[in-house]
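Structure file work-v6.csv (CSV, C-alpha atoms and all ligand atoms) is printed below.
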chain,number,residue,atom,x,y,z
J,1,MET,CA,130.6,62.2,114.8
J,2,ASP,CA,133.0,61.6,111.9
J,3,PHE,CA,134.3,58.1,112.2
J,4,VAL,CA,137.0,58.6,109.5
J,5,LEU,CA,138.3,61.6,111.5
J,6,VAL,CA,138.2,59.7,114.7
J,7,LEU,CA,140.2,56.8,113.1
J,8,ILE,CA,142.7,59.2,111.6
J,9,LEU,CA,143.3,61.0,114.9
J,10,ALA,CA,143.6,57.6,116.7
J,11,VAL,CA,146.5,56.7,114.3
J,12,VAL,CA,148.0,60.2,114.7
J,13,GLY,CA,147.8,59.8,118.5
J,14,TRP,CA,149.4,56.4,118.4
J,15,PHE,CA,152.5,57.8,116.5
J,16,ALA,CA,152.4,61.0,118.6
J,17,GLY,CA,152.4,58.9,121.8
J,18,ALA,CA,155.5,57.1,120.7
J,19,ALA,CA,157.3,60.4,119.8
J,20,VAL,CA,156.2,62.0,123.1
J,21,TRP,CA,157.7,59.1,125.0
J,22,VAL,CA,161.0,59.3,123.2
J,23,VAL,CA,161.2,63.1,123.8
J,24,ALA,CA,160.2,62.8,127.5
J,25,HIS,CA,162.7,59.9,127.9
J,26,ALA,CA,165.5,62.0,126.5
J,27,GLN,CA,164.6,65.0,128.6
J,28,ALA,CA,164.3,62.8,131.8
J,29,ALA,CA,167.9,61.6,131.1
J,30,LYS,CA,169.0,65.2,130.7
J,31,ARG,CA,169.8,64.8,127.0
J,32,PRO,CA,168.6,67.2,124.3
J,33,PRO,CA,164.8,66.4,123.9
J,34,PHE,CA,165.1,65.5,120.2
J,35,ARG,CA,168.3,63.5,120.4
J,36,GLY,CA,166.4,60.3,119.7
J,37,PRO,CA,165.3,57.0,121.3
J,38,ALA,CA,167.6,55.5,123.9
J,39,CYS,CA,167.7,52.3,125.9
J,40,ASP,CA,165.9,52.4,129.4
J,41,ALA,CA,168.8,50.6,131.0
J,42,CYS,CA,172.1,51.6,129.4
J,43,GLY,CA,171.2,54.7,127.4
J,44,ALA,CA,172.6,53.4,124.2
J,45,PRO,CA,170.7,54.8,121.1
J,46,LEU,CA,167.9,52.5,119.9
J,47,GLY,CA,168.0,53.6,116.3
J,48,ARG,CA,165.6,55.9,114.3
J,49,LEU,CA,162.9,53.3,113.9
J,50,ALA,CA,162.3,53.4,117.7
J,51,TRP,CA,160.6,56.8,117.2
J,52,LEU,CA,157.7,54.6,115.8
J,53,PRO,CA,155.0,53.0,118.0
J,54,LEU,CA,155.2,49.4,119.3
J,55,PHE,CA,159.0,49.8,119.8
J,56,GLY,CA,159.5,50.7,116.2
J,57,PHE,CA,157.1,48.0,115.1
J,58,GLY,CA,159.1,45.3,116.9
J,59,THR,CA,162.6,46.4,115.7
J,60,ALA,CA,163.7,48.1,118.9
J,61,ARG,CA,162.0,46.2,121.8
J,62,ARG,CA,165.3,45.0,123.0
J,63,CYS,CA,168.5,47.1,123.2
J,64,ALA,CA,171.1,45.9,120.8
J,65,ALA,CA,173.9,47.0,123.2
J,66,CYS,CA,172.8,45.5,126.5
J,67,GLY,CA,169.9,43.2,125.6
J,68,VAL,CA,167.4,44.7,128.0
J,69,THR,CA,163.7,44.7,127.0
J,70,GLN,CA,162.3,48.2,127.0
J,71,SER,CA,159.5,49.3,129.4
J,72,PRO,CA,156.2,47.7,128.6
J,73,LEU,CA,154.5,50.9,129.8
J,74,ARG,CA,155.6,52.6,126.5
J,75,PRO,CA,153.1,50.7,124.2
J,76,LEU,CA,150.4,51.2,126.8
J,77,PHE,CA,151.1,55.0,126.9
J,78,GLU,CA,151.0,55.0,123.1
J,79,LEU,CA,147.5,53.4,123.1
J,80,ALA,CA,146.3,55.8,125.8
J,81,VAL,CA,147.4,58.8,123.6
J,82,ALA,CA,145.7,57.2,120.6
J,83,ALA,CA,142.5,56.9,122.6
J,84,PHE,CA,142.7,60.4,123.8
J,85,PHE,CA,143.3,61.9,120.3
J,86,ALA,CA,140.3,59.8,119.1
J,87,LEU,CA,138.2,61.3,121.9
J,88,LEU,CA,139.3,64.8,120.9
J,89,ALA,CA,138.2,64.1,117.3
J,90,ALA,CA,134.9,62.6,118.4
J,91,ARG,CA,134.2,65.7,120.5
J,92,GLN,CA,135.3,68.4,118.1
J,93,GLY,CA,135.1,67.6,114.5
J,94,TRP,CA,137.6,68.9,111.9
J,95,ASP,CA,138.4,72.5,112.9
J,96,LEU,CA,141.2,74.7,114.2
J,97,ASP,CA,140.3,73.9,117.8
J,98,LEU,CA,141.0,70.3,117.1
J,99,LEU,CA,144.5,71.2,115.8
J,100,ALA,CA,145.1,73.4,118.8
J,101,ALA,CA,144.0,70.6,121.2
J,102,VAL,CA,146.3,68.1,119.5
J,103,LEU,CA,149.3,70.4,119.6
J,104,PHE,CA,148.6,71.6,123.2
J,105,ALA,CA,148.4,67.9,124.2
J,106,LEU,CA,152.1,67.3,123.2
J,107,PRO,CA,153.9,69.5,125.8
J,108,LEU,CA,151.3,68.5,128.4
J,109,LEU,CA,152.1,64.8,127.8
J,110,VAL,CA,155.9,65.3,127.8
J,111,ILE,CA,155.7,67.3,131.0
J,112,LEU,CA,153.4,64.7,132.6
J,113,LEU,CA,155.9,61.9,131.9
J,114,VAL,CA,159.1,63.8,132.8
J,115,ASP,CA,157.6,65.2,136.0
J,116,TRP,CA,156.3,61.7,136.9
J,117,TRP,CA,159.7,60.2,136.4
J,118,THR,CA,162.0,62.9,137.7
J,119,LYS,CA,159.9,65.4,139.7
J,120,LEU,CA,161.3,68.1,137.4
J,121,ILE,CA,159.5,70.4,135.0
J,122,TYR,CA,161.7,71.9,132.2
J,123,THR,CA,161.1,75.4,131.1
J,124,ASN,CA,161.7,74.7,127.4
J,125,MET,CA,158.5,72.6,127.3
J,126,ILE,CA,156.6,75.3,129.2
J,127,GLY,CA,157.9,77.9,126.8
J,128,ALA,CA,156.8,75.9,123.8
J,129,GLY,CA,153.4,75.4,125.4
J,130,LEU,CA,153.0,79.1,126.2
J,131,LEU,CA,153.9,80.0,122.6
J,132,LEU,CA,151.4,77.5,121.2
J,133,GLY,CA,148.7,78.9,123.6
J,134,PHE,CA,149.3,82.5,122.8
J,135,GLY,CA,149.7,81.7,119.0
J,136,PHE,CA,146.3,80.0,118.7
J,137,ALA,CA,144.7,82.7,120.8
J,138,LEU,CA,146.2,85.3,118.4
J,139,ILE,CA,144.5,83.4,115.5
J,140,ASP,CA,141.2,83.6,117.4
J,141,GLY,CA,141.6,87.4,117.7
J,142,TYR,CA,142.9,90.0,120.1
J,143,ARG,CA,140.2,89.4,122.7
J,144,ALA,CA,141.2,85.7,122.8
J,145,LEU,CA,144.8,86.8,123.1
J,146,ILE,CA,144.1,89.1,126.0
J,147,ASN,CA,142.1,86.3,127.7
J,148,SER,CA,145.0,83.9,127.1
J,149,LEU,CA,147.5,86.4,128.6
J,150,LEU,CA,145.3,87.2,131.6
J,151,SER,CA,144.5,83.5,132.2
J,152,ALA,CA,148.2,82.7,132.3
J,153,THR,CA,148.9,85.7,134.6
J,154,GLY,CA,146.0,84.8,136.9
J,155,ALA,CA,147.2,81.2,137.1
J,156,VAL,CA,150.7,82.5,138.1
J,157,VAL,CA,149.2,84.7,140.8
J,158,VAL,CA,147.0,82.0,142.3
J,159,PHE,CA,149.6,79.2,142.1
J,160,GLY,CA,152.3,81.6,143.2
J,161,LEU,CA,150.3,82.3,146.4
J,162,LEU,CA,149.8,78.5,146.9
J,163,PHE,CA,153.6,78.1,146.5
J,164,VAL,CA,154.3,80.7,149.1
J,165,LEU,CA,151.7,79.2,151.4
J,166,ALA,CA,153.2,75.7,151.0
J,167,ALA,CA,156.7,77.1,151.6
J,168,VAL,CA,155.5,78.8,154.9
J,169,ILE,CA,153.7,75.6,156.0
J,170,TYR,CA,156.6,73.3,155.2
J,171,ARG,CA,159.2,76.0,156.3
J,172,ASN,CA,161.7,74.5,153.7
J,173,VAL,CA,161.4,75.2,150.0
J,174,ARG,CA,163.1,71.9,149.2
J,175,VAL,CA,160.5,69.6,150.6
J,176,VAL,CA,157.4,71.5,149.5
J,177,PRO,CA,155.3,69.2,147.4
J,178,PHE,CA,154.5,72.0,145.1
J,179,GLY,CA,157.3,73.8,143.1
J,180,LEU,CA,157.8,76.7,140.9
J,181,GLY,CA,157.6,74.3,137.9
J,182,ASP,CA,153.9,73.8,138.9
J,183,VAL,CA,153.4,77.6,138.9
J,184,TYR,CA,154.8,77.8,135.3
J,185,LEU,CA,152.7,74.7,134.3
J,186,ALA,CA,149.5,76.4,135.6
J,187,ALA,CA,150.4,79.5,133.5
J,188,MET,CA,150.9,77.3,130.4
J,189,ILE,CA,147.5,75.6,131.0
J,190,GLY,CA,145.9,79.0,131.4
J,191,ALA,CA,147.4,80.3,128.1
J,192,MET,CA,146.1,77.2,126.3
J,193,VAL,CA,142.5,76.7,127.7
J,194,ARG,CA,141.9,80.4,128.8
J,195,TYR,CA,139.2,81.7,131.2
J,196,PRO,CA,136.8,80.2,132.3
J,197,LEU,CA,138.0,76.7,131.4
J,198,VAL,CA,141.3,77.3,133.1
J,199,VAL,CA,139.5,77.3,136.5
J,200,SER,CA,138.0,73.9,136.0
J,201,ALA,CA,141.3,72.5,134.5
J,202,LEU,CA,143.4,73.6,137.5
J,203,PHE,CA,140.7,72.6,140.1
J,204,LEU,CA,140.4,69.2,138.4
J,205,GLY,CA,144.2,68.8,138.6
J,206,ILE,CA,144.3,69.7,142.3
J,207,PHE,CA,141.4,67.4,143.0
J,208,LEU,CA,143.0,64.5,141.1
J,209,ALA,CA,146.2,65.0,143.0
J,210,GLY,CA,144.3,65.0,146.3
J,211,ILE,CA,142.4,61.8,145.5
J,212,ILE,CA,145.5,59.9,144.3
J,213,LEU,CA,147.6,61.1,147.2
J,214,MET,CA,145.0,60.0,149.7
J,215,LEU,CA,144.9,56.6,148.0
J,216,LEU,CA,148.7,56.3,148.0
J,217,LEU,CA,148.8,57.3,151.7
J,218,ALA,CA,145.9,54.9,152.6
J,219,THR,CA,147.6,52.0,150.8
J,220,LYS,CA,151.0,53.0,152.4
J,221,ARG,CA,152.6,53.3,148.9
J,222,VAL,CA,154.0,56.7,150.0
J,223,ASP,CA,154.4,58.3,153.4
J,224,ARG,CA,153.6,61.9,154.4
J,225,ARG,CA,157.2,63.0,153.9
J,226,SER,CA,157.8,61.6,150.4
J,227,ALA,CA,157.4,64.1,147.7
J,228,VAL,CA,154.8,63.2,145.1
J,229,PRO,CA,155.0,65.4,142.0
J,230,TYR,CA,152.0,67.6,141.4
J,231,GLY,CA,152.6,68.4,137.8
J,232,PRO,CA,151.3,65.1,136.3
J,233,PHE,CA,147.9,65.8,137.9
J,234,LEU,CA,147.8,69.4,136.6
J,235,CYS,CA,148.7,68.0,133.2
J,236,ALA,CA,145.8,65.5,133.5
J,237,GLY,CA,143.5,68.4,134.4
J,238,GLY,CA,144.8,70.3,131.4
J,239,LEU,CA,144.3,67.3,129.1
J,240,PHE,CA,140.7,66.9,130.3
J,241,ALA,CA,140.1,70.6,129.6
J,242,LEU,CA,141.3,70.1,126.1
J,243,LEU,CA,138.2,67.9,125.5
J,244,ALA,CA,136.1,71.0,126.1
J,245,ILE,CA,137.9,73.7,124.1
F,1,ZN,ZN,170.7,49.0,126.6

Translate this structure into structure tokens?
Amino acid sequence: MDFVLVLILAVVGWFAGAAVWVVAHAQAAKRPPFRGPACDACGAPLGRLAWLPLFGFGTARRCAACGVTQSPLRPLFELAVAAFFALLAARQGWDLDLLAAVLFALPLLVILLVDWWTKLIYTNMIGAGLLLGFGFALIDGYRALINSLLSATGAVVVFGLLFVLAAVIYRNVRVVPFGLGDVYLAAMIGAMVRYPLVVSALFLGIFLAGIILMLLLATKRVDRRSAVPYGPFLCAGGLFALLAI
């Protein structure tokens, strides 16, 4: 294990975590994703420095317009991304797969946050993730590209069937806990991690969703009719799989 590399990736992850939060925050508020940091409460711009971690190193913790302190979850998220990037570096060493994993993590993390907050998955992030997946597969050669394309297609077929099944069981597309966005997301994860890893990634996502949903139901944090987004768990499964590419 290369400790310098791990340290570098931790720092990169810390900054990436901040940027991912800003982009996801903008997208969740239906603003253009690169419009920049904005206040949680009033939506006023927080200034360019707020792209940096720890609320722009202390300069943007409070909104200048309304005085509200920004979500304490953001610095925690930044640390989690730093730890995840460090783990990627510890597992992989300095190569193209590490670069791929780092870049794949970005749309996965944005989608995780946005879907968690709004229960929506935006196709621009899916498109970016698909292009990254196919792009890195192309660098690995045409067999990898075919694998990537087939993995994405296979994920669409399997998750498409699940979507239809859920729609039949629930009889109303609008309350199905599982949406078309999840189908696209499965395709994106397939394009990124390819076969056979895509199988473990998606199973892990479904498994995590099941466990957490049971915990939430058992502790009465949600009831059977409330929609819990599936996407964040699929993203988590995808992120775990990145540790193995
Ligand atoms: Zn404000």

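Proximity of J:Leu103, J:Ala44, J:Ala16, J:Val11 to ligand ZN 1 (chain F), computed with all atoms listed in the file, is greatest for J:Ala44.
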
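The interatomic distance for the pair CA of Leu87 (chain J) and CA of Pro232 (chain J) works out to 19.8 Å.
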
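Using all atoms listed in the file, the contacts of region 123-137 of chain J at a cut-off of 8 Å, with sequence neighbours closer than 6 positions omitted, comprise Ala100, Leu103, Phe104, Pro107, Leu108, Val110, Ile111, Ala144, Leu145, Ser148, Leu149, Gly181, Tyr184, Leu185, Ala187, Met188, Ala191, Met192 and Val193 of chain J.
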
As a PDB file with C-alpha atoms, in the frame of the given file, please: every protein or nucleic acid residue near ligand ZN 1 (chain F) (cut-off 7 Å, counting only C-alpha atoms and all ligand atoms).
ATOM      1  CA  CYS J  39     167.700  52.300 125.900  1.00  0.00           C
ATOM      2  CA  ASP J  40     165.900  52.400 129.400  1.00  0.00           C
ATOM      3  CA  ALA J  41     168.800  50.600 131.000  1.00  0.00           C
ATOM      4  CA  CYS J  42     172.100  51.600 129.400  1.00  0.00           C
ATOM      5  CA  GLY J  43     171.200  54.700 127.400  1.00  0.00           C
ATOM      6  CA  ALA J  44     172.600  53.400 124.200  1.00  0.00           C
ATOM      7  CA  CYS J  63     168.500  47.100 123.200  1.00  0.00           C
ATOM      8  CA  ALA J  64     171.100  45.900 120.800  1.00  0.00           C
ATOM      9  CA  ALA J  65     173.900  47.000 123.200  1.00  0.00           C
ATOM     10  CA  CYS J  66     172.800  45.500 126.500  1.00  0.00           C
ATOM     11  CA  GLY J  67     169.900  43.200 125.600  1.00  0.00           C
ATOM     12  CA  VAL J  68     167.400  44.700 128.000  1.00  0.00           C
TER      13      VAL J  68
END

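From CA of Gly154 (chain J) back to CA of Ala24 (chain J), the distance works out to 27.8 Å.
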
Gap from CA of Gly160 (chain J) to CA of Thr118 (chain J) - Å, one decimal: 21.8 Å

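Minimum atom-to-atom distances from J:Arg31, J:Pro196, J:Ala83, J:Trp117 to Ile8 (chain J) were compared using all atoms listed in the file, and the lowest value belongs to J:Ala83.
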
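Omitting Ala209 (chain J) and its sequence neighbours fewer than 6 positions away, and counting all atoms listed in the file, the residues within 10 Å are Phe203, Leu215, Val228, Pro229, Tyr230, Gly231, Pro232, Phe233, Leu234, Ala236 and Gly237 of chain J.
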
Counting all atoms listed in the file, which residues have an atom no more than 10 Å from (153.9, 61.2, 120.5) in the file's coordinates? Please list them as a list of chain:residue names. J:Val12, J:Gly13, J:Trp14, J:Phe15, J:Ala16, J:Gly17, J:Ala18, J:Ala19, J:Val20, J:Trp21, J:Val22, J:Val23, J:Ala24, J:Trp51, J:Leu52, J:Pro53, J:Phe77, J:Glu78, J:Val81, J:Ala82, J:Ala105, J:Leu106, J:Pro107, J:Leu109, J:Val110

Taking 5 positions as the minimum chain separation for residues in the same chain, which residues sit within 8 Å of region 90-99 of chain J when counting all atoms listed in the file? Answer as a count of residues only. 8

I'd like to know which of J:Gly141, J:Gly205, J:Gly58, J:Gly210 is closest to Ile189 (chain J), using all atoms listed in the file. J:Gly205

Please return as a PyMOL selection string every residue within 12 Å of (153.6, 79.0, 145.6), taking into account only C-alpha atoms and the file's own coordinates. chain J and resi 155-170+173+176-184+186

Generate a file of the selected residues that holds C-alpha atoms, formatted as a short mmCIF file (atom, residue, chain, number, x, y, z; two decimals), keeping the file's coordinate frame.
data_model
loop_
_atom_site.label_atom_id
_atom_site.label_comp_id
_atom_site.auth_asym_id
_atom_site.auth_seq_id
_atom_site.Cartn_x
_atom_site.Cartn_y
_atom_site.Cartn_z
CA ALA J 155 147.20 81.20 137.10
CA VAL J 156 150.70 82.50 138.10
CA VAL J 157 149.20 84.70 140.80
CA VAL J 158 147.00 82.00 142.30
CA PHE J 159 149.60 79.20 142.10
CA GLY J 160 152.30 81.60 143.20
CA LEU J 161 150.30 82.30 146.40
CA LEU J 162 149.80 78.50 146.90
CA PHE J 163 153.60 78.10 146.50
CA VAL J 164 154.30 80.70 149.10
CA LEU J 165 151.70 79.20 151.40
CA ALA J 166 153.20 75.70 151.00
CA ALA J 167 156.70 77.10 151.60
CA VAL J 168 155.50 78.80 154.90
CA ILE J 169 153.70 75.60 156.00
CA TYR J 170 156.60 73.30 155.20
CA VAL J 173 161.40 75.20 150.00
CA VAL J 176 157.40 71.50 149.50
CA PRO J 177 155.30 69.20 147.40
CA PHE J 178 154.50 72.00 145.10
CA GLY J 179 157.30 73.80 143.10
CA LEU J 180 157.80 76.70 140.90
CA GLY J 181 157.60 74.30 137.90
CA ASP J 182 153.90 73.80 138.90
CA VAL J 183 153.40 77.60 138.90
CA TYR J 184 154.80 77.80 135.30
CA ALA J 186 149.50 76.40 135.60
#

Would you mind putting back all heavy atoms on region 112-123 of chain J, then writing it out as a PDB file, in the frame of the given file?
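Okay, this is what ended up in rebuild-v1.pdb:
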ATOM      1  N   LEU J 112     154.003  65.722 131.677  1.00  0.00           N
ATOM      2  CA  LEU J 112     153.400  64.700 132.600  1.00  0.00           C
ATOM      3  C   LEU J 112     154.408  63.563 132.807  1.00  0.00           C
ATOM      4  O   LEU J 112     154.680  63.205 133.958  1.00  0.00           O
ATOM      5  CB  LEU J 112     152.128  64.158 131.906  1.00  0.00           C
ATOM      6  CG  LEU J 112     151.219  63.238 132.714  1.00  0.00           C
ATOM      7  CD1 LEU J 112     149.790  63.319 132.166  1.00  0.00           C
ATOM      8  CD2 LEU J 112     151.666  61.796 132.734  1.00  0.00           C
ATOM      9  N   LEU J 113     154.988  63.032 131.728  1.00  0.00           N
ATOM     10  CA  LEU J 113     155.900  61.900 131.900  1.00  0.00           C
ATOM     11  C   LEU J 113     157.191  62.315 132.615  1.00  0.00           C
ATOM     12  O   LEU J 113     157.631  61.633 133.553  1.00  0.00           O
ATOM     13  CB  LEU J 113     156.293  61.335 130.498  1.00  0.00           C
ATOM     14  CG  LEU J 113     155.219  60.537 129.756  1.00  0.00           C
ATOM     15  CD1 LEU J 113     155.763  60.071 128.407  1.00  0.00           C
ATOM     16  CD2 LEU J 113     154.765  59.336 130.573  1.00  0.00           C
ATOM     17  N   VAL J 114     157.777  63.435 132.181  1.00  0.00           N
ATOM     18  CA  VAL J 114     159.100  63.800 132.800  1.00  0.00           C
ATOM     19  C   VAL J 114     158.913  64.150 134.248  1.00  0.00           C
ATOM     20  O   VAL J 114     159.740  63.747 135.071  1.00  0.00           O
ATOM     21  CB  VAL J 114     159.664  65.057 131.993  1.00  0.00           C
ATOM     22  CG1 VAL J 114     160.919  65.564 132.689  1.00  0.00           C
ATOM     23  CG2 VAL J 114     159.981  64.675 130.557  1.00  0.00           C
ATOM     24  N   ASP J 115     157.834  64.847 134.605  1.00  0.00           N
ATOM     25  CA  ASP J 115     157.600  65.200 136.000  1.00  0.00           C
ATOM     26  C   ASP J 115     157.341  63.929 136.833  1.00  0.00           C
ATOM     27  O   ASP J 115     157.784  63.793 137.968  1.00  0.00           O
ATOM     28  CB  ASP J 115     156.476  66.196 136.146  1.00  0.00           C
ATOM     29  CG  ASP J 115     156.451  66.880 137.507  1.00  0.00           C
ATOM     30  OD1 ASP J 115     157.520  66.943 138.148  1.00  0.00           O
ATOM     31  OD2 ASP J 115     155.386  67.330 137.941  1.00  0.00           O
ATOM     32  N   TRP J 116     156.609  62.996 136.235  1.00  0.00           N
ATOM     33  CA  TRP J 116     156.300  61.700 136.900  1.00  0.00           C
ATOM     34  C   TRP J 116     157.587  60.956 137.205  1.00  0.00           C
ATOM     35  O   TRP J 116     157.768  60.417 138.293  1.00  0.00           O
ATOM     36  CB  TRP J 116     155.389  60.888 136.015  1.00  0.00           C
ATOM     37  CG  TRP J 116     154.849  59.680 136.677  1.00  0.00           C
ATOM     38  CD1 TRP J 116     155.336  58.408 136.606  1.00  0.00           C
ATOM     39  CD2 TRP J 116     153.714  59.611 137.559  1.00  0.00           C
ATOM     40  NE1 TRP J 116     154.579  57.564 137.378  1.00  0.00           N
ATOM     41  CE2 TRP J 116     153.575  58.274 137.963  1.00  0.00           C
ATOM     42  CE3 TRP J 116     152.806  60.562 138.023  1.00  0.00           C
ATOM     43  CZ2 TRP J 116     152.567  57.865 138.829  1.00  0.00           C
ATOM     44  CZ3 TRP J 116     151.800  60.151 138.874  1.00  0.00           C
ATOM     45  CH2 TRP J 116     151.695  58.819 139.267  1.00  0.00           C
ATOM     46  N   TRP J 117     158.488  60.932 136.218  1.00  0.00           N
ATOM     47  CA  TRP J 117     159.700  60.200 136.400  1.00  0.00           C
ATOM     48  C   TRP J 117     160.763  60.854 137.220  1.00  0.00           C
ATOM     49  O   TRP J 117     161.528  60.196 137.929  1.00  0.00           O
ATOM     50  CB  TRP J 117     160.342  59.893 134.970  1.00  0.00           C
ATOM     51  CG  TRP J 117     159.565  58.957 134.107  1.00  0.00           C
ATOM     52  CD1 TRP J 117     158.742  57.939 134.522  1.00  0.00           C
ATOM     53  CD2 TRP J 117     159.526  58.927 132.678  1.00  0.00           C
ATOM     54  NE1 TRP J 117     158.194  57.297 133.439  1.00  0.00           N
ATOM     55  CE2 TRP J 117     158.662  57.879 132.293  1.00  0.00           C
ATOM     56  CE3 TRP J 117     160.143  59.683 131.680  1.00  0.00           C
ATOM     57  CZ2 TRP J 117     158.400  57.563 130.957  1.00  0.00           C
ATOM     58  CZ3 TRP J 117     159.884  59.368 130.359  1.00  0.00           C
ATOM     59  CH2 TRP J 117     159.018  58.327 129.998  1.00  0.00           C
ATOM     60  N   THR J 118     160.872  62.185 137.082  1.00  0.00           N
ATOM     61  CA  THR J 118     162.000  62.900 137.700  1.00  0.00           C
ATOM     62  C   THR J 118     161.649  63.961 138.687  1.00  0.00           C
ATOM     63  O   THR J 118     162.530  64.528 139.315  1.00  0.00           O
ATOM     64  CB  THR J 118     162.884  63.555 136.583  1.00  0.00           C
ATOM     65  OG1 THR J 118     162.102  64.600 136.009  1.00  0.00           O
ATOM     66  CG2 THR J 118     163.303  62.580 135.508  1.00  0.00           C
ATOM     67  N   LYS J 119     160.351  64.279 138.810  1.00  0.00           N
ATOM     68  CA  LYS J 119     159.900  65.400 139.700  1.00  0.00           C
ATOM     69  C   LYS J 119     160.432  66.731 139.203  1.00  0.00           C
ATOM     70  O   LYS J 119     160.563  67.662 139.982  1.00  0.00           O
ATOM     71  CB  LYS J 119     160.224  65.160 141.138  1.00  0.00           C
ATOM     72  CG  LYS J 119     159.650  63.874 141.702  1.00  0.00           C
ATOM     73  CD  LYS J 119     159.720  63.873 143.209  1.00  0.00           C
ATOM     74  CE  LYS J 119     159.139  62.616 143.805  1.00  0.00           C
ATOM     75  NZ  LYS J 119     160.116  61.520 143.875  1.00  0.00           N
ATOM     76  N   LEU J 120     160.771  66.808 137.903  1.00  0.00           N
ATOM     77  CA  LEU J 120     161.300  68.100 137.400  1.00  0.00           C
ATOM     78  C   LEU J 120     160.408  68.529 136.195  1.00  0.00           C
ATOM     79  O   LEU J 120     159.918  67.697 135.429  1.00  0.00           O
ATOM     80  CB  LEU J 120     162.719  67.921 136.868  1.00  0.00           C
ATOM     81  CG  LEU J 120     163.793  67.720 137.931  1.00  0.00           C
ATOM     82  CD1 LEU J 120     165.131  67.410 137.265  1.00  0.00           C
ATOM     83  CD2 LEU J 120     163.918  68.949 138.818  1.00  0.00           C
ATOM     84  N   ILE J 121     160.227  69.834 136.098  1.00  0.00           N
ATOM     85  CA  ILE J 121     159.500  70.400 135.000  1.00  0.00           C
ATOM     86  C   ILE J 121     160.464  71.341 134.242  1.00  0.00           C
ATOM     87  O   ILE J 121     161.038  72.236 134.856  1.00  0.00           O
ATOM     88  CB  ILE J 121     158.252  71.171 135.442  1.00  0.00           C
ATOM     89  CG1 ILE J 121     157.226  70.181 136.013  1.00  0.00           C
ATOM     90  CG2 ILE J 121     157.641  71.976 134.303  1.00  0.00           C
ATOM     91  CD1 ILE J 121     155.998  70.835 136.629  1.00  0.00           C
ATOM     92  N   TYR J 122     160.695  71.082 132.944  1.00  0.00           N
ATOM     93  CA  TYR J 122     161.700  71.900 132.200  1.00  0.00           C
ATOM     94  C   TYR J 122     161.000  73.054 131.514  1.00  0.00           C
ATOM     95  O   TYR J 122     159.919  72.942 130.949  1.00  0.00           O
ATOM     96  CB  TYR J 122     162.350  70.979 131.131  1.00  0.00           C
ATOM     97  CG  TYR J 122     163.296  69.987 131.762  1.00  0.00           C
ATOM     98  CD1 TYR J 122     162.827  68.781 132.259  1.00  0.00           C
ATOM     99  CD2 TYR J 122     164.652  70.270 131.893  1.00  0.00           C
ATOM    100  CE1 TYR J 122     163.684  67.868 132.867  1.00  0.00           C
ATOM    101  CE2 TYR J 122     165.518  69.378 132.490  1.00  0.00           C
ATOM    102  CZ  TYR J 122     165.032  68.177 132.973  1.00  0.00           C
ATOM    103  OH  TYR J 122     165.876  67.293 133.573  1.00  0.00           O
ATOM    104  N   THR J 123     161.694  74.212 131.587  1.00  0.00           N
ATOM    105  CA  THR J 123     161.100  75.400 131.100  1.00  0.00           C
ATOM    106  C   THR J 123     161.009  75.460 129.556  1.00  0.00           C
ATOM    107  O   THR J 123     160.211  76.206 129.012  1.00  0.00           O
ATOM    108  CB  THR J 123     161.820  76.678 131.595  1.00  0.00           C
ATOM    109  OG1 THR J 123     163.218  76.457 131.446  1.00  0.00           O
ATOM    110  CG2 THR J 123     161.511  76.956 133.042  1.00  0.00           C
TER     111      THR J 123
END
